[in-house]
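**Q** Structure: structure-v9.cif, mmCIF, C-alpha atoms.
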```cif
data_upload
#
loop_
_atom_site.group_PDB
_atom_site.id
_atom_site.type_symbol
_atom_site.label_atom_id
_atom_site.label_comp_id
_atom_site.auth_asym_id
_atom_site.auth_seq_id
_atom_site.Cartn_x
_atom_site.Cartn_y
_atom_site.Cartn_z
ATOM 1 C CA MET X 661 281.837 -139.121 41.545
ATOM 2 C CA LYS X 662 282.298 -137.549 38.142
ATOM 3 C CA ASN X 663 279.821 -139.953 36.557
ATOM 4 C CA SER X 664 277.195 -139.357 39.271
ATOM 5 C CA THR X 665 277.418 -135.587 38.917
ATOM 6 C CA SER X 666 277.470 -135.560 35.122
ATOM 7 C CA PHE X 667 274.335 -137.713 34.765
ATOM 8 C CA PRO X 668 271.860 -135.060 36.031
ATOM 9 C CA SER X 669 273.646 -132.446 33.915
ATOM 10 C CA THR X 670 273.310 -134.595 30.783
ATOM 11 C CA LYS X 671 269.676 -135.284 31.540
ATOM 12 C CA HIS X 672 269.017 -131.558 31.995
ATOM 13 C CA THR X 673 270.775 -130.796 28.689
ATOM 14 C CA ASN X 674 268.681 -133.384 26.840
ATOM 15 C CA ALA X 675 265.494 -131.955 28.341
ATOM 16 C CA LYS X 676 266.454 -128.455 27.213
ATOM 17 C CA LEU X 677 267.252 -129.758 23.730
ATOM 18 C CA LEU X 678 263.889 -131.527 23.479
ATOM 19 C CA ASN X 679 262.149 -128.387 24.700
ATOM 20 C CA ARG X 680 263.840 -126.303 22.013
ATOM 21 C CA ILE X 681 262.969 -128.841 19.321
ATOM 22 C CA GLY X 682 259.333 -128.906 20.440
ATOM 23 C CA LEU X 683 259.157 -125.118 20.578
ATOM 24 C CA GLY X 684 260.752 -124.845 17.144
ATOM 25 C CA PHE X 685 258.222 -127.316 15.720
ATOM 26 C CA ILE X 686 255.335 -125.295 17.193
ATOM 27 C CA TRP X 687 256.734 -122.090 15.696
ATOM 28 C CA LEU X 688 257.148 -123.821 12.324
ATOM 29 C CA VAL X 689 253.529 -125.018 12.297
ATOM 30 C CA ALA X 690 252.231 -121.618 13.445
ATOM 31 C CA LEU X 691 254.239 -119.721 10.811
ATOM 32 C CA SER X 692 253.155 -122.178 8.101
ATOM 33 C CA LEU X 693 249.490 -121.673 8.965
ATOM 34 C CA LEU X 694 249.991 -117.922 9.081
ATOM 35 C CA LEU X 695 251.668 -118.008 5.676
ATOM 36 C CA VAL X 696 248.761 -119.981 4.193
ATOM 37 C CA ILE X 697 246.207 -117.521 5.632
ATOM 38 C CA ILE X 698 248.137 -114.483 4.395
ATOM 39 C CA SER X 699 248.512 -116.074 0.945
ATOM 40 C CA LEU X 700 244.772 -116.719 0.693
ATOM 41 C CA LEU X 701 243.941 -113.191 1.840
ATOM 42 C CA TYR X 702 246.398 -111.704 -0.643
ATOM 43 C CA LEU X 703 245.023 -113.820 -3.492
ATOM 44 C CA ILE X 704 241.409 -112.831 -2.800
ATOM 45 C CA LEU X 705 242.094 -109.152 -2.144
ATOM 46 C CA HIS X 706 244.548 -108.814 -5.055
ATOM 47 C CA LYS X 707 241.858 -109.966 -7.481
ATOM 48 C CA GLY X 708 238.951 -108.038 -5.993
ATOM 49 C CA LEU X 709 240.261 -104.758 -4.588
ATOM 50 C CA PRO X 710 241.273 -103.042 -7.870
ATOM 51 C CA GLY X 711 237.674 -103.054 -9.154
ATOM 52 C CA LEU X 712 235.971 -101.995 -5.931
ATOM 53 C CA SER X 713 234.100 -98.705 -5.809
ATOM 54 C CA PHE X 714 231.333 -97.096 -3.803
ATOM 55 C CA LYS X 715 229.058 -97.460 -6.818
ATOM 56 C CA PHE X 716 229.615 -101.226 -6.824
ATOM 57 C CA LEU X 717 228.713 -101.428 -3.121
ATOM 58 C CA VAL X 718 225.378 -99.599 -3.420
ATOM 59 C CA ASP X 719 224.185 -100.309 -6.970
ATOM 60 C CA LEU X 720 221.513 -102.873 -7.774
ATOM 61 C CA PRO X 721 222.611 -106.124 -9.443
ATOM 62 C CA GLU X 722 222.048 -106.610 -13.162
ATOM 63 C CA ASP X 723 220.578 -109.744 -14.719
ATOM 64 C CA MET X 724 221.980 -109.296 -18.240
ATOM 65 C CA ASP X 725 223.912 -105.998 -18.494
ATOM 66 C CA VAL X 726 227.490 -105.348 -17.411
ATOM 67 C CA GLY X 727 228.264 -103.184 -14.387
ATOM 68 C CA GLY X 728 225.857 -104.375 -11.711
ATOM 69 C CA GLY X 729 226.477 -103.929 -8.009
ATOM 70 C CA ILE X 730 225.820 -105.829 -4.789
ATOM 71 C CA GLY X 731 223.888 -103.199 -2.800
ATOM 72 C CA PRO X 732 220.770 -105.156 -1.700
ATOM 73 C CA PHE X 733 222.740 -108.309 -0.951
ATOM 74 C CA LEU X 734 225.329 -106.467 1.142
ATOM 75 C CA PHE X 735 222.550 -104.710 3.049
ATOM 76 C CA ASN X 736 220.705 -108.005 3.588
ATOM 77 C CA SER X 737 223.898 -109.590 4.917
ATOM 78 C CA LEU X 738 224.315 -106.900 7.566
ATOM 79 C CA TYR X 739 220.582 -106.775 8.329
ATOM 80 C CA VAL X 740 220.268 -110.536 8.817
ATOM 81 C CA LEU X 741 223.460 -110.590 10.892
ATOM 82 C CA VAL X 742 222.271 -107.849 13.266
ATOM 83 C CA LEU X 743 218.855 -109.461 13.700
ATOM 84 C CA SER X 744 220.375 -112.889 14.376
ATOM 85 C CA LEU X 745 222.691 -111.412 17.026
ATOM 86 C CA VAL X 746 219.789 -109.524 18.619
ATOM 87 C CA PHE X 747 217.918 -112.813 18.935
ATOM 88 C CA SER X 748 220.840 -115.008 20.021
ATOM 89 C CA ILE X 749 223.164 -112.907 22.223
ATOM 90 C CA PRO X 750 220.772 -112.272 25.174
ATOM 91 C CA ILE X 751 219.548 -115.881 25.273
ATOM 92 C CA GLY X 752 223.048 -117.280 24.845
ATOM 93 C CA LEU X 753 224.502 -115.069 27.581
ATOM 94 C CA PHE X 754 221.714 -115.792 30.055
ATOM 95 C CA GLY X 755 221.880 -119.507 29.267
ATOM 96 C CA GLY X 756 225.638 -119.644 29.806
ATOM 97 C CA ILE X 757 225.417 -117.663 33.060
ATOM 98 C CA PHE X 758 222.614 -119.883 34.337
ATOM 99 C CA LEU X 759 224.553 -123.083 33.606
ATOM 100 C CA SER X 760 227.670 -121.684 35.251
ATOM 101 C CA GLU X 761 226.243 -119.976 38.342
ATOM 102 C CA TYR X 762 222.709 -121.188 39.048
ATOM 103 C CA ALA X 763 222.167 -124.667 37.600
ATOM 104 C CA PRO X 764 222.646 -127.509 40.097
ATOM 105 C CA ASP X 765 225.206 -130.187 39.341
ATOM 106 C CA ASN X 766 222.951 -133.139 38.531
ATOM 107 C CA ARG X 767 222.117 -135.483 35.675
ATOM 108 C CA PHE X 768 219.632 -133.126 34.073
ATOM 109 C CA THR X 769 222.158 -130.268 33.932
ATOM 110 C CA ASN X 770 224.786 -132.598 32.497
ATOM 111 C CA LEU X 771 222.247 -133.688 29.872
ATOM 112 C CA VAL X 772 221.587 -130.047 28.989
ATOM 113 C CA ARG X 773 225.325 -129.377 28.611
ATOM 114 C CA MET X 774 225.742 -132.456 26.443
ATOM 115 C CA SER X 775 222.797 -131.349 24.276
ATOM 116 C CA VAL X 776 224.278 -127.856 23.877
ATOM 117 C CA GLU X 777 227.634 -129.295 22.850
ATOM 118 C CA SER X 778 225.927 -131.639 20.393
ATOM 119 C CA LEU X 779 223.960 -128.788 18.811
ATOM 120 C CA ALA X 780 227.136 -126.709 18.510
ATOM 121 C CA SER X 781 228.631 -129.394 16.250
ATOM 122 C CA VAL X 782 225.576 -129.883 14.015
ATOM 123 C CA PRO X 783 226.220 -128.824 10.361
ATOM 124 C CA SER X 784 224.558 -125.604 9.297
ATOM 125 C CA ILE X 785 222.620 -127.373 6.535
ATOM 126 C CA VAL X 786 220.630 -129.201 9.251
ATOM 127 C CA PHE X 787 219.647 -125.885 10.837
ATOM 128 C CA GLY X 788 218.759 -124.646 7.363
ATOM 129 C CA LEU X 789 216.430 -127.589 6.803
ATOM 130 C CA PHE X 790 214.876 -126.955 10.205
ATOM 131 C CA GLY X 791 214.298 -123.298 9.295
ATOM 132 C CA PHE X 792 212.793 -124.304 5.942
ATOM 133 C CA VAL X 793 210.339 -126.720 7.588
ATOM 134 C CA LEU X 794 209.458 -124.239 10.362
ATOM 135 C CA PHE X 795 209.034 -121.007 8.402
ATOM 136 C CA VAL X 796 208.348 -122.090 4.823
ATOM 137 C CA GLU X 797 206.313 -125.241 5.406
ATOM 138 C CA TYR X 798 204.707 -124.834 8.837
ATOM 139 C CA PHE X 799 204.168 -121.058 9.162
ATOM 140 C CA ASP X 800 203.909 -120.641 5.370
ATOM 141 C CA ILE X 801 205.615 -117.249 5.261
ATOM 142 C CA GLY X 802 208.032 -118.210 2.495
ATOM 143 C CA LEU X 803 211.715 -117.422 2.198
ATOM 144 C CA THR X 804 212.168 -114.295 4.308
ATOM 145 C CA ILE X 805 214.671 -112.191 6.195
ATOM 146 C CA VAL X 806 213.043 -112.976 9.531
ATOM 147 C CA GLY X 807 213.178 -116.717 8.850
ATOM 148 C CA ALA X 808 216.857 -116.556 7.929
ATOM 149 C CA SER X 809 217.660 -114.395 10.973
ATOM 150 C CA ILE X 810 215.953 -116.657 13.505
ATOM 151 C CA THR X 811 217.460 -119.780 11.931
ATOM 152 C CA LEU X 812 220.913 -118.177 12.139
ATOM 153 C CA ALA X 813 220.166 -117.376 15.793
ATOM 154 C CA PHE X 814 219.486 -121.080 16.363
ATOM 155 C CA LEU X 815 222.893 -121.809 14.843
ATOM 156 C CA ASN X 816 224.610 -119.262 17.117
ATOM 157 C CA LEU X 817 222.852 -120.147 20.382
ATOM 158 C CA PRO X 818 224.674 -123.366 21.351
ATOM 159 C CA ILE X 819 228.098 -121.868 20.660
ATOM 160 C CA LEU X 820 227.353 -118.661 22.567
ATOM 161 C CA THR X 821 225.892 -120.566 25.507
ATOM 162 C CA ARG X 822 228.858 -122.911 25.815
ATOM 163 C CA ILE X 823 231.494 -120.197 25.396
ATOM 164 C CA THR X 824 229.768 -117.949 27.946
ATOM 165 C CA GLU X 825 229.548 -120.785 30.468
ATOM 166 C CA GLU X 826 233.227 -121.627 30.041
ATOM 167 C CA ALA X 827 234.315 -117.976 30.228
ATOM 168 C CA VAL X 828 232.328 -117.297 33.416
ATOM 169 C CA SER X 829 233.380 -120.575 35.038
ATOM 170 C CA ALA X 830 237.038 -119.764 34.347
ATOM 171 C CA VAL X 831 236.915 -116.622 36.529
ATOM 172 C CA PRO X 832 238.887 -117.351 39.751
ATOM 173 C CA PHE X 833 236.684 -118.275 42.704
ATOM 174 C CA GLU X 834 238.566 -115.768 44.873
ATOM 175 C CA LEU X 835 236.882 -112.913 42.990
ATOM 176 C CA ARG X 836 233.471 -114.294 43.888
ATOM 177 C CA GLU X 837 234.475 -114.658 47.545
ATOM 178 C CA ALA X 838 235.803 -111.094 47.633
ATOM 179 C CA SER X 839 232.537 -109.747 46.235
ATOM 180 C CA TYR X 840 230.444 -111.763 48.686
ATOM 181 C CA ALA X 841 232.673 -110.614 51.559
ATOM 182 C CA LEU X 842 231.955 -106.995 50.648
ATOM 183 C CA GLY X 843 228.210 -107.637 50.793
ATOM 184 C CA GLY X 844 227.523 -108.194 47.119
ATOM 185 C CA THR X 845 224.585 -110.361 46.111
ATOM 186 C CA GLN X 846 224.942 -113.123 43.551
ATOM 187 C CA SER X 847 223.343 -111.097 40.763
ATOM 188 C CA ARG X 848 225.473 -108.046 41.561
ATOM 189 C CA THR X 849 228.589 -110.218 41.663
ATOM 190 C CA ILE X 850 227.753 -111.581 38.216
ATOM 191 C CA LEU X 851 227.140 -108.135 36.734
ATOM 192 C CA THR X 852 230.026 -106.225 38.305
ATOM 193 C CA VAL X 853 232.704 -108.893 38.799
ATOM 194 C CA LEU X 854 232.219 -112.033 36.720
ATOM 195 C CA LEU X 855 231.054 -110.541 33.407
ATOM 196 C CA PRO X 856 233.834 -107.900 33.240
ATOM 197 C CA ALA X 857 236.406 -110.570 34.115
ATOM 198 C CA ALA X 858 234.991 -112.935 31.470
ATOM 199 C CA LEU X 859 234.516 -110.230 28.823
ATOM 200 C CA ASN X 860 237.503 -111.361 26.757
ATOM 201 C CA GLY X 861 236.150 -114.877 26.301
ATOM 202 C CA ILE X 862 232.569 -113.719 25.748
ATOM 203 C CA MET X 863 233.525 -111.166 23.079
ATOM 204 C CA THR X 864 235.695 -113.767 21.360
ATOM 205 C CA GLY X 865 232.667 -116.064 21.191
ATOM 206 C CA ILE X 866 230.438 -113.297 19.838
ATOM 207 C CA SER X 867 233.073 -112.441 17.233
ATOM 208 C CA LEU X 868 233.301 -116.072 16.127
ATOM 209 C CA VAL X 869 229.546 -116.543 15.717
ATOM 210 C CA ALA X 870 229.121 -113.133 14.037
ATOM 211 C CA CYS X 871 231.803 -113.798 11.433
ATOM 212 C CA ARG X 872 230.474 -117.315 10.864
ATOM 213 C CA ALA X 873 226.917 -116.018 10.478
ATOM 214 C CA PHE X 874 227.970 -113.313 8.024
ATOM 215 C CA GLY X 875 229.606 -115.903 5.766
ATOM 216 C CA GLU X 876 226.823 -118.490 6.096
ATOM 217 C CA SER X 877 225.120 -119.604 2.896
ATOM 218 C CA ALA X 878 223.315 -122.944 3.490
ATOM 219 C CA ILE X 879 220.887 -121.504 6.035
ATOM 220 C CA ILE X 880 220.228 -118.433 3.897
ATOM 221 C CA LEU X 881 219.454 -120.508 0.810
ATOM 222 C CA LEU X 882 216.954 -122.710 2.644
ATOM 223 C CA ALA X 883 215.330 -120.127 4.952
ATOM 224 C CA GLY X 884 216.012 -116.764 3.278
ATOM 225 C CA GLY X 885 216.211 -117.442 -0.430
ATOM 226 C CA SER X 886 218.731 -116.577 -3.125
ATOM 227 C CA SER X 887 217.367 -113.195 -4.213
ATOM 228 C CA SER X 888 216.485 -109.861 -2.668
ATOM 229 C CA SER X 889 213.590 -107.428 -2.953
ATOM 230 C CA GLY X 890 215.569 -105.342 -5.452
ATOM 231 C CA PHE X 891 215.724 -102.267 -3.190
ATOM 232 C CA MET X 892 218.819 -101.028 -1.429
ATOM 233 C CA TRP X 893 217.291 -100.216 1.969
ATOM 234 C CA ASP X 894 214.474 -102.708 2.440
ATOM 235 C CA PHE X 895 213.722 -103.258 6.150
ATOM 236 C CA ASN X 896 210.680 -105.422 5.474
ATOM 237 C CA LEU X 897 211.176 -108.609 7.487
ATOM 238 C CA LEU X 898 209.095 -110.608 5.007
ATOM 239 C CA SER X 899 211.272 -109.750 1.993
ATOM 240 C CA GLN X 900 213.571 -112.383 0.543
ATOM 241 C CA GLY X 901 216.851 -112.522 2.451
ATOM 242 C CA GLY X 902 219.507 -113.370 -0.112
ATOM 243 C CA THR X 903 222.904 -112.339 1.257
ATOM 244 C CA LEU X 904 226.342 -111.650 -0.179
ATOM 245 C CA PRO X 905 227.696 -115.239 0.167
ATOM 246 C CA VAL X 906 224.610 -116.570 -1.629
ATOM 247 C CA HIS X 907 224.970 -113.919 -4.340
ATOM 248 C CA LEU X 908 228.636 -114.849 -4.692
ATOM 249 C CA TRP X 909 227.683 -118.494 -5.225
ATOM 250 C CA TYR X 910 225.008 -117.533 -7.781
ATOM 251 C CA ILE X 911 227.306 -115.195 -9.717
ATOM 252 C CA GLN X 912 230.067 -117.778 -9.836
ATOM 253 C CA SER X 913 227.861 -120.682 -10.933
ATOM 254 C CA GLU X 914 224.734 -119.499 -12.753
ATOM 255 C CA ALA X 915 224.971 -115.820 -13.721
ATOM 256 C CA LEU X 916 224.712 -114.832 -17.395
ATOM 257 C CA VAL X 917 226.343 -111.378 -17.216
ATOM 258 C CA GLU X 918 229.649 -110.966 -19.045
ATOM 259 C CA ASP X 919 231.504 -109.577 -16.028
ATOM 260 C CA ALA X 920 230.391 -112.356 -13.644
ATOM 261 C CA LYS X 921 234.005 -113.301 -12.815
ATOM 262 C CA GLN X 922 234.880 -109.711 -11.903
ATOM 263 C CA ILE X 923 231.733 -109.363 -9.771
ATOM 264 C CA ALA X 924 232.578 -112.612 -7.978
ATOM 265 C CA ASP X 925 236.148 -111.465 -7.268
ATOM 266 C CA ARG X 926 234.949 -108.118 -5.920
ATOM 267 C CA SER X 927 232.213 -109.753 -3.842
ATOM 268 C CA ALA X 928 234.741 -112.136 -2.286
ATOM 269 C CA ALA X 929 237.007 -109.201 -1.408
ATOM 270 C CA VAL X 930 234.091 -107.328 0.174
ATOM 271 C CA LEU X 931 233.170 -110.437 2.154
ATOM 272 C CA ILE X 932 236.696 -110.744 3.553
ATOM 273 C CA ILE X 933 236.942 -107.044 4.381
ATOM 274 C CA VAL X 934 233.585 -106.961 6.186
ATOM 275 C CA VAL X 935 234.461 -110.054 8.236
ATOM 276 C CA LEU X 936 237.723 -108.402 9.315
ATOM 277 C CA LEU X 937 235.879 -105.177 10.182
ATOM 278 C CA ILE X 938 233.284 -107.083 12.236
ATOM 279 C CA SER X 939 236.053 -108.830 14.156
ATOM 280 C CA LEU X 940 237.818 -105.530 14.847
ATOM 281 C CA LEU X 941 234.576 -103.774 15.794
ATOM 282 C CA LEU X 942 233.686 -106.422 18.356
ATOM 283 C CA ARG X 943 237.140 -106.010 19.901
ATOM 284 C CA ILE X 944 236.491 -102.367 20.777
ATOM 285 C CA PRO X 945 234.981 -103.185 24.239
ATOM 286 C CA LEU X 946 238.155 -105.116 25.089
ATOM 287 C CA PHE X 947 240.359 -102.193 24.032
ATOM 288 C CA LEU X 948 238.270 -99.807 26.115
ATOM 289 C CA GLN X 949 238.466 -102.134 29.119
ATOM 290 C CA ARG X 950 242.240 -102.304 28.873
ATOM 291 C CA LEU X 951 242.531 -98.523 28.609
ATOM 292 C CA LYS X 952 240.282 -98.148 31.651
ATOM 293 C CA HIS X 953 242.518 -100.371 33.791
ATOM 294 C CA LYS X 954 245.779 -98.692 32.735
#
```
Kindly transcribe the structure held in the file into C-alpha cells.
**A**
Amino acid sequence: MKNSTSFPSTKHTNAKLLNRIGLGFIWLVALSLLLVIISLLYLILHKGLPGLSFKFLVDLPEDMDVGGGIGPFLFNSLYVLVLSLVFSIPIGLFGGIFLSEYAPDNRFTNLVRMSVESLASVPSIVFGLFGFVLFVEYFDIGLTIVGASITLAFLNLPILTRITEEAVSAVPFELREASYALGGTQSRTILTVLLPAALNGIMTGISLVACRAFGESAIILLAGGSSSSGFMWDFNLLSQGGTLPVHLWYIQSEALVEDAKQIADRSAAVLIIVVLLISLLLRIPLFLQRLKHK
C-alpha cells in the first residue's frame, strides 16, 4: 500500500519540479532579453544625450561647417508618419472589421486573409521599390513627402488589417449576444461593444506600425529621397521627404562635417526618444479607458 500511495506523490513532485525549472528558464530568457535592450538603450542615450539641445533639434543641417542641426529631417519624420497613419489607419481598421464581422467564410475570404498575411511579411525594400515605380516613374512627381507617406501606408496596411481582425475576433461571443439581445444592430454592436473591448489589441497594432514607420529608411530613400527642402516647417507635399533615419545613415556614412560622429550619436538618441514617446502617446486611450472603468 505504501508503494501505491507514494507513486502519485512522487509523480506530482516531479511535475512541480519540472514546472519550476521551466518557469525559471522563461524568467532567465526574459531577463536576458531585457538586459540586452536596456544595455542598448543606455549605450545609445549615453552617447547622444549630453550633446542634445533645443538648438540642435530645430537648426538646419550644415554641409561643411560644424554645429548643424536636424530640424527639417525631424519635422519630415513626424510629418510623413502622421500622413501615413492618416492614410492607413481608417482603411486598416475597416478592412479588419469587415474580415472579422461581415466577410463570409469561403475560399475567396481565405485567399484575402492569406494575401494580407503575405504582404505583412514582405520586406520594406520591396514596398520602397513599388513606391519608386509608382510615384517617381509612373506619375513622374519625383521623390516627395506624399510618395513616401503613401508608400509607408502600404507597408502599414496589412499589419493593421490583420491585427484589427484578430483583436475584434478575440472579443467573447457572449458580448455580441448581449448587445443583440438588448436590440443593438450589428453596426452599433461593433462601435459600442466590440471596438472598446478590442481597443487594447488595436492600439498595440497602431503603436507597432507607427514606431516601425518612424524608423523606416528603405522606403524613404526610394520614395522620399535623402534630403529635405531646407526649411524647418515645410508642409509642401511635393518637397523631398528625407527623414531622421535617412539623415542618420547619411551622416554616419557620407557626411564631410567634422562633428559627423557627434551628430550621428545625437540623432540616434533623438530617434530612440521619439519612438518611446510615440509608444507612450498611443497608450493614452488605454489609460483613459482603464480610469473610466475604475
**Q** Using all atoms listed in the file for the distances, tell me which of X:Ser699, X:Ser778, X:Ser899, X:Ser889 is nearest to X:Ser809.
**A**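 Comparing X:Ser699, X:Ser778, X:Ser899, X:Ser889 against X:Ser809, the winner is X:Ser899.
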**Q** To one decimal in Å, tell me the separation between atom CA of X:Leu720 and atom CA of X:Pro732.
**A** 6.5 Å
**Q** Tell me, as a PyMOL selection string, which residues lie within 9 Å of X:Ala920, counting all atoms listed in the file; anything in the same chain fewer than 5 positions away does not count.
**A** chain X and resi 726+911-912+915+925
**Q** Interatomic distance between atom CA of X:Leu812 and atom CA of X:Ser744?
**A**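 A separation of 5.8 Å between them.
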**Q** Taking (223.8, -123.1, 3.7) in the file's coordinates as the center, which residues reach within 12 Å of it, counting all atoms listed in the file, put as a ChimeraX atom specification?
**A** /X:783-792,808,811-812,815,872-886,902-903,905-906,909
**Q** Just checking: using only C-alpha atoms, which residue out of X:Ser829, X:Asn816, X:Thr864, X:Gln900 ends up closest to X:Ile944?
**A** X:Thr864
**Q** Nearest residue to X:Asn896 out of X:Leu678, X:Val806, X:Ile757, X:Met863, using all atoms listed in the file?
**A** X:Val806
**Q** Given only C-alpha atoms as the basis, pick out the residue of X:Met724, X:Leu898, X:Leu703, X:Leu855 nearest to X:Asp800.
**A**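 Of all the options, X:Leu898 lies closest to X:Asp800.
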**Q** Rounded to one decimal place, report the atom CA of X:Asn736-atom CA of X:Phe795 distance in Å.
**A**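 It comes out at 18.1 Å.
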**Q** Could you tell me which of X:Val831, X:Ile819, X:Ile805, X:Val782 comes closest to X:Gly755 if we count only C-alpha atoms?
**A**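 Result for the nearest residue to X:Gly755: X:Ile819.
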**Q** Between X:Leu946, X:Leu693, X:Ala841, X:Leu817, which residue has the minimum interatomic distance to X:Ala857, considering only C-alpha atoms?
**A**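 Selected residue with least distance to X:Ala857: X:Leu946.
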**Q** Can you tell me, as a ChimeraX atom specification, what residues are no more than 8 Å from X:Ser760 when counting only C-alpha atoms, ignoring any on the same chain fewer than 6 positions away?
**A** /X:825-826,828-829
**Q** Excluding X:Gly865 and its own-chain neighbours fewer than 6 positions away, which residues fall within 10 Å of it when counting only C-alpha atoms? Please give them as an NGL selection string.
**A** :X and (816 or 819-824 or 827 or 859)
**Q** Show which residues sit within 8 Å of X:Leu908, as a PyMOL selection string. Count only C-alpha atoms, and ignore same-chain residues fewer than 5 positions away.
**A** chain X and resi 924+927-928
**Q** Mind telling me what the PyMOL selection byres ((chain X and resi 705) around 12) catches here, as a VMD selection string?
**A** chain X and resid 698 to 704 706 to 712 924 to 933
**Q** Output C-alpha atoms of each residue in that selection to a file, as a CSV table (one decimal), in the coordinates of the input.
**A**
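Generated output (out06.csv):
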```
chain,number,residue,atom,x,y,z
X,698,ILE,CA,248.1,-114.5,4.4
X,699,SER,CA,248.5,-116.1,0.9
X,700,LEU,CA,244.8,-116.7,0.7
X,701,LEU,CA,243.9,-113.2,1.8
X,702,TYR,CA,246.4,-111.7,-0.6
X,703,LEU,CA,245.0,-113.8,-3.5
X,704,ILE,CA,241.4,-112.8,-2.8
X,706,HIS,CA,244.5,-108.8,-5.1
X,707,LYS,CA,241.9,-110.0,-7.5
X,708,GLY,CA,239.0,-108.0,-6.0
X,709,LEU,CA,240.3,-104.8,-4.6
X,710,PRO,CA,241.3,-103.0,-7.9
X,711,GLY,CA,237.7,-103.1,-9.2
X,712,LEU,CA,236.0,-102.0,-5.9
X,924,ALA,CA,232.6,-112.6,-8.0
X,925,ASP,CA,236.1,-111.5,-7.3
X,926,ARG,CA,234.9,-108.1,-5.9
X,927,SER,CA,232.2,-109.8,-3.8
X,928,ALA,CA,234.7,-112.1,-2.3
X,929,ALA,CA,237.0,-109.2,-1.4
X,930,VAL,CA,234.1,-107.3,0.2
X,931,LEU,CA,233.2,-110.4,2.2
X,932,ILE,CA,236.7,-110.7,3.6
X,933,ILE,CA,236.9,-107.0,4.4
```
**Q** Selected by the PyMOL selection byres ((chain X and resi 725) around 9) in the shown coordinates: which residues, as a PyMOL selection string?
**A** chain X and resi 722-724+726-728+916-919
